[in-house]
>>> print(open('entry15.cif').read())   # mmCIF, C-alpha atoms and all ligand atoms
data_structure
#
loop_
_atom_site.label_atom_id
_atom_site.label_comp_id
_atom_site.auth_asym_id
_atom_site.auth_seq_id
_atom_site.Cartn_x
_atom_site.Cartn_y
_atom_site.Cartn_z
CA MET A 9 -11.74 -25.39 1.71
CA LEU A 10 -9.28 -27.95 0.50
CA THR A 11 -5.64 -27.09 0.26
CA THR A 12 -3.49 -29.50 -1.62
CA THR A 13 0.27 -29.69 -1.57
CA MET A 14 2.52 -31.77 -3.75
CA SER A 15 6.14 -32.67 -3.53
CA SER A 16 8.20 -34.85 -5.77
CA SER A 17 7.66 -37.81 -3.45
CA THR A 18 3.90 -37.63 -2.87
CA PRO A 19 1.82 -40.73 -3.59
CA THR A 20 -0.17 -38.75 -6.13
CA GLN A 21 2.87 -38.24 -8.20
CA GLU A 22 3.97 -41.84 -7.76
CA SER A 23 0.59 -42.85 -9.09
CA PHE A 24 1.19 -40.75 -12.13
CA GLU A 25 4.64 -42.24 -12.56
CA ALA A 26 3.12 -45.69 -12.31
CA TYR A 27 0.38 -44.72 -14.67
CA SER A 28 2.85 -43.39 -17.17
CA ARG A 29 4.81 -46.63 -17.14
CA GLY A 30 1.68 -48.52 -18.21
CA ARG A 31 0.24 -45.73 -20.29
CA SER A 32 -2.14 -47.80 -22.30
CA ALA A 33 -5.11 -47.18 -20.03
CA ALA A 34 -6.27 -44.01 -21.73
CA CYS A 35 -4.57 -41.54 -19.41
CA GLN A 36 -6.16 -42.80 -16.20
CA PRO A 37 -4.36 -43.06 -12.82
CA GLN A 38 -4.17 -46.50 -11.20
CA PRO A 39 -7.50 -47.61 -9.71
CA HIS A 40 -6.70 -47.03 -6.00
CA TYR A 41 -5.42 -43.54 -6.77
CA GLN A 42 -8.32 -42.97 -9.13
CA ASP A 43 -10.70 -43.14 -6.11
CA LEU A 44 -8.56 -40.58 -4.35
CA VAL A 45 -8.58 -38.28 -7.35
CA HIS A 46 -12.35 -38.62 -7.69
CA VAL A 47 -13.11 -37.62 -4.10
CA LEU A 48 -10.89 -34.55 -4.31
CA ASP A 49 -12.90 -31.35 -4.62
CA ALA A 50 -10.36 -30.20 -7.18
CA ILE A 51 -9.39 -30.70 -10.80
CA VAL A 52 -6.36 -32.91 -11.27
CA TRP A 53 -4.70 -32.56 -14.66
CA ARG A 54 -1.60 -33.40 -16.56
CA ALA A 55 -0.26 -31.99 -19.80
CA ASP A 56 2.50 -32.56 -22.29
CA THR A 57 5.26 -30.01 -21.62
CA ALA A 58 6.07 -29.52 -25.31
CA THR A 59 2.53 -28.68 -26.47
CA LEU A 60 0.78 -28.01 -23.15
CA GLN A 61 -1.98 -30.27 -24.43
CA ILE A 62 -3.97 -31.87 -21.62
CA THR A 63 -3.39 -35.62 -21.48
CA TYR A 64 -5.50 -36.33 -18.41
CA VAL A 65 -8.13 -34.41 -16.46
CA SER A 66 -10.21 -35.67 -13.55
CA GLU A 67 -14.00 -35.99 -13.63
CA ARG A 68 -14.48 -33.02 -11.28
CA ALA A 69 -13.54 -30.68 -14.17
CA LYS A 70 -16.95 -31.35 -15.69
CA THR A 71 -18.90 -30.10 -12.66
CA ILE A 72 -16.63 -27.17 -11.84
CA LEU A 73 -16.24 -25.65 -15.32
CA GLY A 74 -18.97 -27.42 -17.29
CA TYR A 75 -16.94 -28.54 -20.34
CA PRO A 76 -17.00 -32.20 -21.40
CA LEU A 77 -13.68 -33.89 -20.61
CA SER A 78 -13.08 -34.59 -24.32
CA GLN A 79 -12.94 -30.82 -24.91
CA TRP A 80 -10.09 -30.47 -22.37
CA ARG A 81 -7.96 -32.76 -24.52
CA GLN A 82 -8.30 -30.56 -27.59
CA PRO A 83 -5.14 -28.56 -28.49
CA HIS A 84 -4.72 -25.29 -26.52
CA PHE A 85 -7.88 -25.87 -24.47
CA GLN A 86 -6.49 -24.44 -21.24
CA GLU A 87 -4.74 -21.50 -22.89
CA THR A 88 -7.87 -20.44 -24.71
CA HIS A 89 -10.06 -20.66 -21.61
CA LEU A 90 -7.76 -18.69 -19.34
CA HIS A 91 -8.76 -15.14 -18.44
CA PRO A 92 -6.87 -12.85 -20.88
CA GLU A 93 -5.29 -10.89 -17.99
CA ASP A 94 -3.91 -14.09 -16.44
CA ARG A 95 -2.78 -15.95 -19.56
CA LEU A 96 0.83 -14.67 -19.71
CA LYS A 97 1.32 -15.16 -15.96
CA VAL A 98 0.09 -18.76 -16.13
CA LEU A 99 2.17 -19.68 -19.17
CA ALA A 100 5.26 -18.13 -17.58
CA CYS A 101 4.62 -20.19 -14.43
CA TYR A 102 4.27 -23.40 -16.48
CA ARG A 103 7.57 -22.66 -18.24
CA GLU A 104 9.28 -21.99 -14.93
CA ALA A 105 7.91 -25.25 -13.46
CA ILE A 106 9.12 -27.20 -16.51
CA ARG A 107 12.54 -25.56 -16.26
CA ASP A 108 13.26 -25.91 -12.54
CA GLY A 109 11.26 -29.03 -11.58
CA GLU A 110 10.06 -27.27 -8.40
CA ASN A 111 6.53 -26.95 -7.02
CA HIS A 112 4.78 -23.80 -8.18
CA ARG A 113 1.53 -22.29 -7.00
CA LEU A 114 -0.57 -19.54 -8.49
CA ASP A 115 -4.05 -18.10 -8.60
CA TYR A 116 -5.76 -17.43 -11.92
CA ARG A 117 -9.15 -17.26 -13.60
CA MET A 118 -10.75 -19.47 -16.24
CA THR A 119 -14.01 -19.01 -18.10
CA ALA A 120 -16.65 -21.67 -17.46
CA ALA A 121 -18.89 -23.10 -20.17
CA ASP A 122 -21.75 -20.83 -19.02
CA GLY A 123 -19.50 -17.73 -19.15
CA ARG A 124 -18.81 -17.53 -15.37
CA GLU A 125 -15.36 -16.45 -14.19
CA VAL A 126 -13.91 -19.16 -11.95
CA TRP A 127 -10.86 -18.55 -9.74
CA PHE A 128 -8.41 -21.42 -9.17
CA HIS A 129 -5.45 -22.00 -6.95
CA ASP A 130 -3.24 -24.35 -8.96
CA CYS A 131 -0.29 -26.38 -7.62
CA ILE A 132 1.95 -27.32 -10.53
CA HIS A 133 4.89 -29.66 -10.84
CA ALA A 134 6.83 -31.11 -13.77
CA ILE A 135 7.64 -34.84 -13.73
CA LYS A 136 9.68 -37.12 -15.95
CA VAL A 137 7.80 -39.75 -17.93
CA GLY A 138 10.49 -41.91 -19.50
CA THR A 139 12.39 -39.54 -21.73
CA ARG A 140 9.62 -36.94 -21.79
CA LYS A 141 8.38 -34.45 -19.23
CA GLU A 142 4.81 -33.82 -18.17
CA LEU A 143 3.21 -31.12 -16.10
CA ILE A 144 0.82 -32.15 -13.39
CA GLY A 145 -1.49 -29.80 -11.55
CA VAL A 146 -4.20 -29.71 -8.90
CA MET A 147 -6.67 -26.86 -9.36
CA VAL A 148 -8.80 -25.88 -6.35
CA ASP A 149 -11.84 -23.69 -6.95
CA ILE A 150 -11.30 -20.56 -4.82
CA THR A 151 -14.00 -18.37 -6.40
CA ASP A 152 -15.88 -17.95 -3.09
CA ARG A 153 -12.71 -16.98 -1.24
CA LYS A 154 -11.81 -14.41 -3.91
CA ALA A 155 -15.34 -12.94 -3.75
CA ALA A 156 -15.07 -12.69 0.06
CA GLU A 157 -11.67 -10.98 -0.27
CA ALA A 158 -13.05 -8.50 -2.83
CA CYS A 159 -15.98 -7.83 -0.51
CA LEU A 160 -13.62 -7.19 2.40
CA ILE A 161 -11.52 -4.77 0.35
CA GLU A 162 -14.67 -2.95 -0.78
CA MET A 163 -15.92 -2.76 2.81
CA THR A 164 -12.56 -1.48 4.07
CA GLY A 165 -12.61 1.18 1.35
CA ARG A 166 -16.09 2.26 2.44
CA LEU A 167 -15.05 2.41 6.09
CA ILE A 168 -12.00 4.50 5.23
CA ARG A 169 -14.12 6.89 3.14
CA ALA A 170 -16.68 7.17 5.96
CA GLN A 171 -13.86 7.88 8.42
CA GLU A 172 -12.45 10.60 6.15
CA GLU A 173 -15.89 12.20 5.75
CA GLU A 174 -16.36 12.23 9.52
CA ARG A 175 -12.90 13.69 10.06
CA SER A 176 -13.60 16.35 7.50
CA ARG A 177 -16.92 17.23 9.19
CA ILE A 178 -15.23 17.54 12.62
CA ALA A 179 -12.39 19.57 11.10
CA ARG A 180 -14.92 21.96 9.51
CA GLU A 181 -16.77 22.37 12.80
CA LEU A 182 -13.51 23.03 14.65
CA HIS A 183 -12.28 25.47 12.07
CA ASP A 184 -15.46 27.33 11.19
CA ASP A 185 -17.13 27.43 14.58
CA PHE A 186 -14.84 26.81 17.58
CA ASN A 187 -11.81 28.48 16.10
CA GLN A 188 -13.72 31.61 15.12
CA ARG A 189 -15.41 31.84 18.54
CA LEU A 190 -12.05 31.45 20.29
CA ALA A 191 -10.59 34.15 18.07
CA LEU A 192 -13.44 36.53 19.04
CA LEU A 193 -12.90 35.69 22.70
CA ALA A 194 -9.20 36.49 22.36
CA ILE A 195 -9.99 39.86 20.76
CA GLY A 196 -12.48 40.66 23.53
CA LEU A 197 -9.88 39.85 26.19
CA GLN A 198 -7.32 42.03 24.44
CA ARG A 199 -9.74 44.97 24.43
CA LEU A 200 -10.51 44.41 28.08
CA GLU A 201 -6.81 44.37 28.86
CA HIS A 202 -6.49 47.86 27.34
CA THR A 203 -9.49 49.30 29.18
CA ILE A 204 -8.41 48.16 32.65
CA GLN A 205 -4.75 49.12 32.45
CA SER A 206 -5.19 51.15 35.61
CA GLU A 207 -6.39 48.26 37.82
CA ILE A 208 -3.18 46.83 39.25
CA GLY A 209 -2.76 43.12 38.65
CA VAL A 210 -6.02 42.70 36.72
CA ALA A 211 -4.51 43.65 33.38
CA ALA A 212 -1.76 41.04 33.83
CA GLN A 213 -4.35 38.35 34.57
CA VAL A 214 -6.41 39.30 31.55
CA SER A 215 -3.24 39.27 29.45
CA ASP A 216 -2.53 35.70 30.61
CA LEU A 217 -6.08 34.68 29.71
CA TYR A 218 -5.64 36.26 26.30
CA HIS A 219 -2.44 34.29 25.60
CA MET A 220 -3.99 31.05 26.83
CA THR A 221 -6.98 31.60 24.54
CA GLN A 222 -4.67 32.20 21.60
CA GLU A 223 -2.76 29.02 22.33
CA ILE A 224 -5.98 27.00 22.44
CA ALA A 225 -7.10 28.61 19.18
CA SER A 226 -3.89 27.65 17.40
CA ASP A 227 -4.05 24.07 18.78
CA VAL A 228 -7.63 23.73 17.54
CA HIS A 229 -6.52 25.14 14.19
CA ARG A 230 -3.68 22.60 13.92
CA LEU A 231 -5.97 19.75 14.96
CA SER A 232 -8.49 20.69 12.29
CA HIS A 233 -5.69 20.60 9.68
CA GLN A 234 -4.50 17.20 10.85
CA LEU A 235 -8.02 15.83 10.70
CA HIS A 236 -8.65 17.14 7.24
CA PRO A 237 -5.72 18.38 5.18
CA ALA A 238 -7.47 21.24 3.32
CA LYS A 239 -4.11 22.01 1.66
CA LEU A 240 -4.26 18.65 -0.08
CA GLN A 241 -7.51 19.59 -1.79
CA HIS A 242 -6.59 23.17 -2.60
CA LEU A 243 -2.86 23.07 -3.33
CA GLY A 244 -2.05 19.41 -4.05
CA LEU A 245 -0.01 16.56 -2.61
CA VAL A 246 3.49 18.08 -2.67
CA PRO A 247 2.58 21.32 -0.81
CA ALA A 248 0.48 19.29 1.66
CA ILE A 249 3.44 17.02 2.45
CA LYS A 250 5.75 20.03 2.70
CA GLY A 251 3.31 21.48 5.24
CA LEU A 252 3.34 18.19 7.15
CA CYS A 253 7.16 18.19 7.33
CA ARG A 254 7.12 21.81 8.49
CA GLU A 255 4.58 21.03 11.26
CA LEU A 256 6.71 18.11 12.48
CA SER A 257 9.76 20.31 12.50
CA GLU A 258 7.96 23.07 14.47
CA GLN A 259 6.31 20.69 16.92
CA TYR A 260 9.05 18.12 17.52
CA GLY A 261 12.21 19.57 15.98
CA ALA A 262 12.19 16.74 13.41
CA GLU A 263 14.22 17.18 10.22
CA ILE A 264 12.54 15.45 7.29
CA ASP A 265 14.38 15.43 3.98
CA PHE A 266 11.53 15.62 1.44
CA VAL A 267 12.56 14.76 -2.13
CA HIS A 268 9.99 14.75 -4.94
CA ARG A 269 10.10 14.27 -8.70
CA ASN A 270 7.53 14.30 -11.54
CA VAL A 271 4.50 14.49 -9.25
CA PRO A 272 1.71 15.93 -11.40
CA ASN A 273 -0.98 18.15 -9.94
CA PRO A 274 -3.72 17.12 -9.68
CA ILE A 275 -3.47 13.38 -9.16
CA THR A 276 -6.54 11.31 -8.30
CA GLN A 277 -8.02 12.46 -5.00
CA GLU A 278 -8.14 8.92 -3.62
CA SER A 279 -4.44 8.27 -4.36
CA ALA A 280 -3.40 11.68 -2.99
CA LEU A 281 -5.30 11.18 0.26
CA CYS A 282 -3.98 7.63 0.65
CA ILE A 283 -0.35 8.75 0.13
CA PHE A 284 -0.81 11.71 2.46
CA ARG A 285 -2.25 9.57 5.25
CA VAL A 286 0.51 6.95 4.92
CA ALA A 287 3.17 9.70 4.97
CA GLN A 288 1.48 11.28 8.02
CA GLU A 289 1.44 7.99 9.96
CA ALA A 290 4.92 6.88 8.87
CA LEU A 291 6.48 10.23 9.82
CA SER A 292 4.61 10.30 13.10
CA ASN A 293 6.01 6.82 13.84
CA THR A 294 9.51 8.04 12.98
CA VAL A 295 9.14 10.90 15.45
CA LYS A 296 7.49 8.75 18.16
CA HIS A 297 9.40 5.48 17.94
CA SER A 298 12.62 5.65 15.94
CA GLY A 299 14.67 7.50 18.54
CA VAL A 300 16.15 9.77 15.84
CA LYS A 301 14.95 13.17 14.76
CA ASN A 302 15.58 12.86 11.07
CA GLY A 303 13.95 10.89 8.31
CA LYS A 304 13.60 10.87 4.56
CA LEU A 305 10.49 11.04 2.41
CA GLU A 306 10.74 10.37 -1.32
CA LEU A 307 7.82 10.82 -3.68
CA PHE A 308 7.93 10.35 -7.44
CA VAL A 309 5.85 9.23 -10.39
CA ASP A 310 7.20 6.77 -12.91
CA ARG A 311 5.09 5.46 -15.82
CA GLY A 312 1.82 6.42 -14.15
CA VAL A 313 2.74 4.84 -10.81
CA LEU A 314 3.18 6.92 -7.69
CA HIS A 315 6.02 5.75 -5.44
CA LEU A 316 6.33 6.82 -1.83
CA CYS A 317 9.17 5.83 0.45
CA VAL A 318 9.48 6.95 4.06
CA SER A 319 12.64 5.86 5.83
CA ASP A 320 14.65 6.48 8.94
CA SER A 321 17.82 5.01 10.31
CA GLY A 322 16.60 4.78 13.86
CA ALA A 323 15.83 1.95 16.29
CA GLY A 324 13.77 -0.17 13.90
CA PHE A 325 11.58 -2.98 15.25
CA ASP A 326 10.85 -6.64 14.89
CA LEU A 327 7.86 -6.95 12.56
CA GLN A 328 6.97 -10.42 13.82
CA ALA A 329 7.19 -9.46 17.48
CA ILE A 330 4.96 -6.37 17.57
CA SER A 331 1.41 -7.11 18.51
CA ALA A 332 -1.28 -5.22 16.62
CA LYS A 333 -3.33 -4.96 19.83
CA GLY A 334 -4.40 -1.37 20.36
CA ARG A 335 -2.14 -0.15 17.58
CA LEU A 336 -3.72 1.17 14.47
CA GLY A 337 -1.00 2.92 12.51
CA LEU A 338 0.65 0.14 10.50
CA VAL A 339 -2.58 -1.82 10.07
CA SER A 340 -4.53 1.16 8.80
CA MET A 341 -1.71 2.09 6.39
CA GLN A 342 -1.88 -1.40 4.89
CA GLU A 343 -5.67 -1.41 4.69
CA ARG A 344 -5.76 2.01 3.06
CA VAL A 345 -3.24 1.10 0.39
CA ARG A 346 -4.99 -2.19 -0.30
CA ALA A 347 -8.37 -0.47 -0.61
CA ALA A 348 -6.86 2.04 -3.06
CA GLY A 349 -5.54 -0.86 -5.19
CA GLY A 350 -1.84 -0.34 -4.39
CA THR A 351 0.92 -2.30 -2.70
CA ILE A 352 2.87 -1.54 0.47
CA SER A 353 5.93 -3.04 2.09
CA VAL A 354 7.29 -2.45 5.57
CA GLU A 355 10.94 -3.30 6.11
CA SER A 356 12.36 -2.98 9.58
CA ARG A 357 14.73 -4.80 11.88
CA PRO A 358 15.94 -3.81 15.32
CA SER A 359 18.90 -1.40 15.00
CA THR A 360 18.65 -1.05 11.20
CA GLY A 361 15.92 1.55 10.81
CA THR A 362 12.58 1.40 9.06
CA ARG A 363 11.52 1.78 5.45
CA ILE A 364 7.93 1.95 4.20
CA SER A 365 7.33 1.82 0.45
CA VAL A 366 4.05 2.31 -1.36
CA HIS A 367 3.23 1.91 -5.06
CA LEU A 368 -0.07 3.23 -6.31
CA ALA A 369 -1.69 4.34 -9.57
CA ALA A 370 -1.25 8.13 -9.88
N1 LIG B 1 9.82 4.15 12.42
C1 LIG B 1 9.75 3.30 13.46
N2 LIG B 1 10.85 3.08 14.24
C2 LIG B 1 10.82 2.22 15.29
N3 LIG B 1 9.71 1.52 15.65
C3 LIG B 1 8.60 1.68 14.92
C4 LIG B 1 8.55 2.57 13.79
N4 LIG B 1 7.32 2.50 13.26
C5 LIG B 1 6.61 1.63 14.01
N5 LIG B 1 7.37 1.14 15.02
C6 LIG B 1 6.97 0.11 16.02
O1 LIG B 1 5.81 -0.54 15.55
C7 LIG B 1 4.75 -0.39 16.49
C8 LIG B 1 3.43 -0.32 15.76
O2 LIG B 1 3.30 0.91 15.05
P1 LIG B 1 1.85 1.50 14.82
O3 LIG B 1 1.97 2.76 14.05
O4 LIG B 1 1.00 0.41 14.28
O5 LIG B 1 1.31 1.78 16.30
P2 LIG B 1 1.65 2.96 17.30
O6 LIG B 1 2.40 4.05 16.59
O7 LIG B 1 2.29 2.38 18.51
O8 LIG B 1 0.18 3.48 17.70
P3 LIG B 1 -0.84 4.27 16.78
O9 LIG B 1 -0.23 4.45 15.42
O10 LIG B 1 -2.06 3.40 16.74
O11 LIG B 1 -1.05 5.57 17.48
C9 LIG B 1 5.09 0.83 17.30
O12 LIG B 1 4.51 0.80 18.57
C10 LIG B 1 6.62 0.73 17.36
O13 LIG B 1 7.01 -0.18 18.36
MG MG B 2 1.73 4.83 14.75
#
>>> encode(input="entry15.cif", output="structure tokens")
Amino acid sequence: MLTTTMSSSTPTQESFEAYSRGRSAACQPQPHYQDLVHVLDAIVWRADTATLQITYVSERAKTILGYPLSQWRQPHFQETHLHPEDRLKVLACYREAIRDGENHRLDYRMTAADGREVWFHDCIHAIKVGTRKELIGVMVDITDRKAAEACLIEMTGRLIRAQEEERSRIARELHDDFNQRLALLAIGLQRLEHTIQSEIGVAAQVSDLYHMTQEIASDVHRLSHQLHPAKLQHLGLVPAIKGLCRELSEQYGAEIDFVHRNVPNPITQESALCIFRVAQEALSNTVKHSGVKNGKLELFVDRGVLHLCVSDSGAGFDLQAISAKGRLGLVSMQERVRAAGGTISVESRPSTGTRISVHLAA
């Protein structure tokens, strides 16, 4: 795939400057640059900054979008063929480029003559043409890349769902079968302990076995809850996170300050599970790696968006330096949030603590 960069001193722009000095030639770049423009697998365009009317567009526009070049030069052509969801973003970017004279890049969709949606990566720059300004842009067709990205996100989502189903199956087995059988074993041992009180030493051994069995049973019980947070389904996100904080406090003596506001119950199952899993991993990282025992977890909903922030003021780490090899936590958090359609940021620096923020539709 072609990636094109422009700066204010690139030959391409000089060609446009030269072209604009001798503008008579019906908006065409100089011949030697014209060849260059024609071999580019991209649409090169320029537009008047006052009206945004296209003043030049390269031949490749015809094959990529299917409109005759004359149609591009009609007033508001580009605006009216932009995808409605991208129109404001694109116009704002054009305005910004006109204002600051910097290079700008953005991805957006246009509708082709046959109704297809075509994704472009556009590099935009404003140049001076005498006393006027013009916008120039190079649009690269990235439709295939966007389709591959969407496919990857869809596949990740399916893998995460399959993993959750498998976890839930194992958790059910552990809870319904192993845990119950261990509980029966413990009761049997307790009975035996009572019936052989007289046998010196034997009762004490049986008592030890009974306590060991009980310990195993409660570990299996906890594991089944970690694998599949039944509380999340039955009671909702806030009680499930409260339970998580309590478990961490009982197991590791961690003190998590959990603050929540406006979290409705229920929220979509996918969002709730995603937030729960991120909180679980982020808090486990705090306990394992931060070197401090306390952290903060904030959860609130604002205008239909769920915000989660897990922070600690511990050791922190260098994001660039950690290798993902063999480590799943941070990567799987990011993949989960992406598959659920949200955004995540990880801020951390050695000695300044760590902060993980997630924004997701409630
Ligand atoms: N809150 C934190 N404080 C300090 N370091 C952290 C924190 N969170 C993550 N890290 C660092 O980032 C690394 C990667 O974290 P990640 O969760 O991906 O892997 P892991 O916890 O080591 O293993 P896994 O999660 O796969 O069991 C950790 O090994 C640790 O060095
Ligand atoms: Mg981890």
>>> residues_near_ligand(input="entry15.cif", ligand="ligand LIG 1 (chain B)", cutoff="7 Å", atoms="all atoms listed in the file", output="list of chain:residue names")
A:Glu289, A:Ala290, A:Asn293, A:Thr294, A:His297, A:Ser298, A:Asp320, A:Gly322, A:Ala323, A:Gly324, A:Phe325, A:Ile330, A:Ala332, A:Gly334, A:Arg335, A:Leu336, A:Gly337, A:Leu338, A:Val339, A:Gly361, A:Thr362
>>> residues_around(input="entry15.cif", residues="Gly196 in chain A", least_positions_apart="2", cutoff="12 Å", atoms="only C-alpha atoms", output="mmCIF file with C-alpha atoms, in the frame of the given file")
data_model
loop_
_atom_site.group_PDB
_atom_site.id
_atom_site.type_symbol
_atom_site.label_atom_id
_atom_site.label_comp_id
_atom_site.auth_asym_id
_atom_site.auth_seq_id
_atom_site.Cartn_x
_atom_site.Cartn_y
_atom_site.Cartn_z
ATOM 1 C CA ARG A 189 -15.410 31.840 18.540
ATOM 2 C CA LEU A 190 -12.050 31.450 20.290
ATOM 3 C CA ALA A 191 -10.590 34.150 18.070
ATOM 4 C CA LEU A 192 -13.440 36.530 19.040
ATOM 5 C CA LEU A 193 -12.900 35.690 22.700
ATOM 6 C CA ALA A 194 -9.200 36.490 22.360
ATOM 7 C CA GLN A 198 -7.320 42.030 24.440
ATOM 8 C CA ARG A 199 -9.740 44.970 24.430
ATOM 9 C CA LEU A 200 -10.510 44.410 28.080
ATOM 10 C CA GLU A 201 -6.810 44.370 28.860
ATOM 11 C CA HIS A 202 -6.490 47.860 27.340
ATOM 12 C CA THR A 203 -9.490 49.300 29.180
ATOM 13 C CA VAL A 214 -6.410 39.300 31.550
ATOM 14 C CA SER A 215 -3.240 39.270 29.450
ATOM 15 C CA LEU A 217 -6.080 34.680 29.710
ATOM 16 C CA TYR A 218 -5.640 36.260 26.300
ATOM 17 C CA THR A 221 -6.980 31.600 24.540
ATOM 18 C CA GLN A 222 -4.670 32.200 21.600
#
>>> residues_around(input="entry15.cif", residues="range 340-354 of chain A", least_positions_apart="2", cutoff="8 Å", atoms="all atoms listed in the file", output="PDB file with C-alpha atoms, keeping the file's coordinate frame")
ATOM      1  CA  ILE A 161     -11.520  -4.770   0.350  1.00  0.00           C
ATOM      2  CA  GLU A 162     -14.670  -2.950  -0.780  1.00  0.00           C
ATOM      3  CA  THR A 164     -12.560  -1.480   4.070  1.00  0.00           C
ATOM      4  CA  GLY A 165     -12.610   1.180   1.350  1.00  0.00           C
ATOM      5  CA  ILE A 168     -12.000   4.500   5.230  1.00  0.00           C
ATOM      6  CA  GLU A 278      -8.140   8.920  -3.620  1.00  0.00           C
ATOM      7  CA  SER A 279      -4.440   8.270  -4.360  1.00  0.00           C
ATOM      8  CA  CYS A 282      -3.980   7.630   0.650  1.00  0.00           C
ATOM      9  CA  ARG A 285      -2.250   9.570   5.250  1.00  0.00           C
ATOM     10  CA  VAL A 286       0.510   6.950   4.920  1.00  0.00           C
ATOM     11  CA  GLU A 289       1.440   7.990   9.960  1.00  0.00           C
ATOM     12  CA  LEU A 336      -3.720   1.170  14.470  1.00  0.00           C
ATOM     13  CA  GLY A 337      -1.000   2.920  12.510  1.00  0.00           C
ATOM     14  CA  LEU A 338       0.650   0.140  10.500  1.00  0.00           C
ATOM     15  CA  SER A 356      12.360  -2.980   9.580  1.00  0.00           C
ATOM     16  CA  THR A 362      12.580   1.400   9.060  1.00  0.00           C
ATOM     17  CA  ARG A 363      11.520   1.780   5.450  1.00  0.00           C
ATOM     18  CA  ILE A 364       7.930   1.950   4.200  1.00  0.00           C
ATOM     19  CA  SER A 365       7.330   1.820   0.450  1.00  0.00           C
ATOM     20  CA  VAL A 366       4.050   2.310  -1.360  1.00  0.00           C
ATOM     21  CA  HIS A 367       3.230   1.910  -5.060  1.00  0.00           C
ATOM     22  CA  LEU A 368      -0.070   3.230  -6.310  1.00  0.00           C
ATOM     23  CA  ALA A 369      -1.690   4.340  -9.570  1.00  0.00           C
TER      24      ALA A 369
END
>>> residues_around(input="entry15.cif", residues="Lys239 in chain A", least_positions_apart="2", cutoff="12 Å", atoms="only C-alpha atoms", output="VMD selection string")
chain A and resid 232 to 237 241 to 252 280 to 281 284
>>> atom_distance(input="entry15.cif", atom1="CA of Leu99 in chain A", atom2="CA of Tyr41 in chain A")
27.9 Å
>>> residues_near_point(input="entry15.cif", point="(-13.3, -25.9, -15.9)", cutoff="8 Å", atoms="only C-alpha atoms", output="list in words")
Ala69, Lys70, Thr71, Ile72, Leu73, Gly74, Tyr75, Met118, Thr119, Ala120, Ala121 and Val126 of chain A
>>> closest_residue(input="entry15.cif", among="A:Gln259, A:Ser321, A:Gln288, A:Gln277", to="ligand MG 2 (chain B)", atoms="all atoms listed in the file")
A:Gln288
>>> closest_residue(input="entry15.cif", among="A:Val309, A:Ala262, A:Met163, A:Ala287", to="ligand MG 2 (chain B)", atoms="all atoms listed in the file")
A:Ala287
>>> closest_residue(input="entry15.cif", among="A:Ser257, A:Asn273, A:Ser359, A:Asn111", to="Asn302 in chain A", atoms="all atoms listed in the file")
A:Ser257
>>> residues_around(input="entry15.cif", residues="Trp127 in chain A", least_positions_apart="2", cutoff="9 Å", atoms="only C-alpha atoms", output="list in words")
Asp115, Tyr116, Arg117, Met118, Thr119, Glu125, His129, Val148, Asp149, Ile150, Thr151, Asp152, Arg153 and Lys154 of chain A
>>> atom_distance(input="entry15.cif", atom1="CA of Ala105 in chain A", atom2="CA of Ile132 in chain A")
7.0 Å
>>> closest_residue(input="entry15.cif", among="A:Ser319, A:Ser292, A:Thr139, A:Thr57", to="ligand MG 2 (chain B)", atoms="only C-alpha atoms and all ligand atoms")
A:Ser292
>>> atom_distance(input="entry15.cif", atom1="CA of Arg107 in chain A", atom2="CA of Lys136 in chain A")
11.9 Å
>>> residues_around(input="entry15.cif", residues="range 177-180 of chain A", least_positions_apart="3", cutoff="10 Å", atoms="only C-alpha atoms", output="list in words")
Gln171, Glu172, Glu173, Glu174, His183, Asp184, Asp185, Phe186, Asn187, Val228, His229, Arg230, Leu231, Ser232, His233, Gln234, Leu235, His236, Pro237 and Ala238 of chain A
>>> closest_residue(input="entry15.cif", among="A:Glu93, A:Arg175, A:Val295, A:Leu197", to="ligand MG 2 (chain B)", atoms="only C-alpha atoms and all ligand atoms")
A:Val295
>>> build_atoms(input="entry15.cif", residues="range 187-192 of chain A", atoms="N, CA, C and O atoms", output="PDB file, in the coordinates of the input")
ATOM      1  N   ASN A 187     -12.993  27.649  16.311  1.00  0.00           N
ATOM      2  CA  ASN A 187     -11.810  28.480  16.100  1.00  0.00           C
ATOM      3  C   ASN A 187     -12.198  29.961  15.994  1.00  0.00           C
ATOM      4  O   ASN A 187     -11.533  30.824  16.546  1.00  0.00           O
ATOM      5  N   GLN A 188     -13.299  30.220  15.279  1.00  0.00           N
ATOM      6  CA  GLN A 188     -13.720  31.610  15.120  1.00  0.00           C
ATOM      7  C   GLN A 188     -14.194  32.178  16.462  1.00  0.00           C
ATOM      8  O   GLN A 188     -13.883  33.318  16.810  1.00  0.00           O
ATOM      9  N   ARG A 189     -14.914  31.343  17.242  1.00  0.00           N
ATOM     10  CA  ARG A 189     -15.410  31.840  18.540  1.00  0.00           C
ATOM     11  C   ARG A 189     -14.248  32.104  19.496  1.00  0.00           C
ATOM     12  O   ARG A 189     -14.239  33.090  20.242  1.00  0.00           O
ATOM     13  N   LEU A 190     -13.234  31.222  19.440  1.00  0.00           N
ATOM     14  CA  LEU A 190     -12.050  31.450  20.290  1.00  0.00           C
ATOM     15  C   LEU A 190     -11.327  32.715  19.868  1.00  0.00           C
ATOM     16  O   LEU A 190     -10.833  33.477  20.710  1.00  0.00           O
ATOM     17  N   ALA A 191     -11.277  32.950  18.566  1.00  0.00           N
ATOM     18  CA  ALA A 191     -10.590  34.150  18.070  1.00  0.00           C
ATOM     19  C   ALA A 191     -11.316  35.395  18.575  1.00  0.00           C
ATOM     20  O   ALA A 191     -10.681  36.369  19.023  1.00  0.00           O
ATOM     21  N   LEU A 192     -12.661  35.380  18.553  1.00  0.00           N
ATOM     22  CA  LEU A 192     -13.440  36.530  19.040  1.00  0.00           C
ATOM     23  C   LEU A 192     -13.202  36.734  20.536  1.00  0.00           C
ATOM     24  O   LEU A 192     -13.034  37.863  21.001  1.00  0.00           O
TER      25      LEU A 192
END
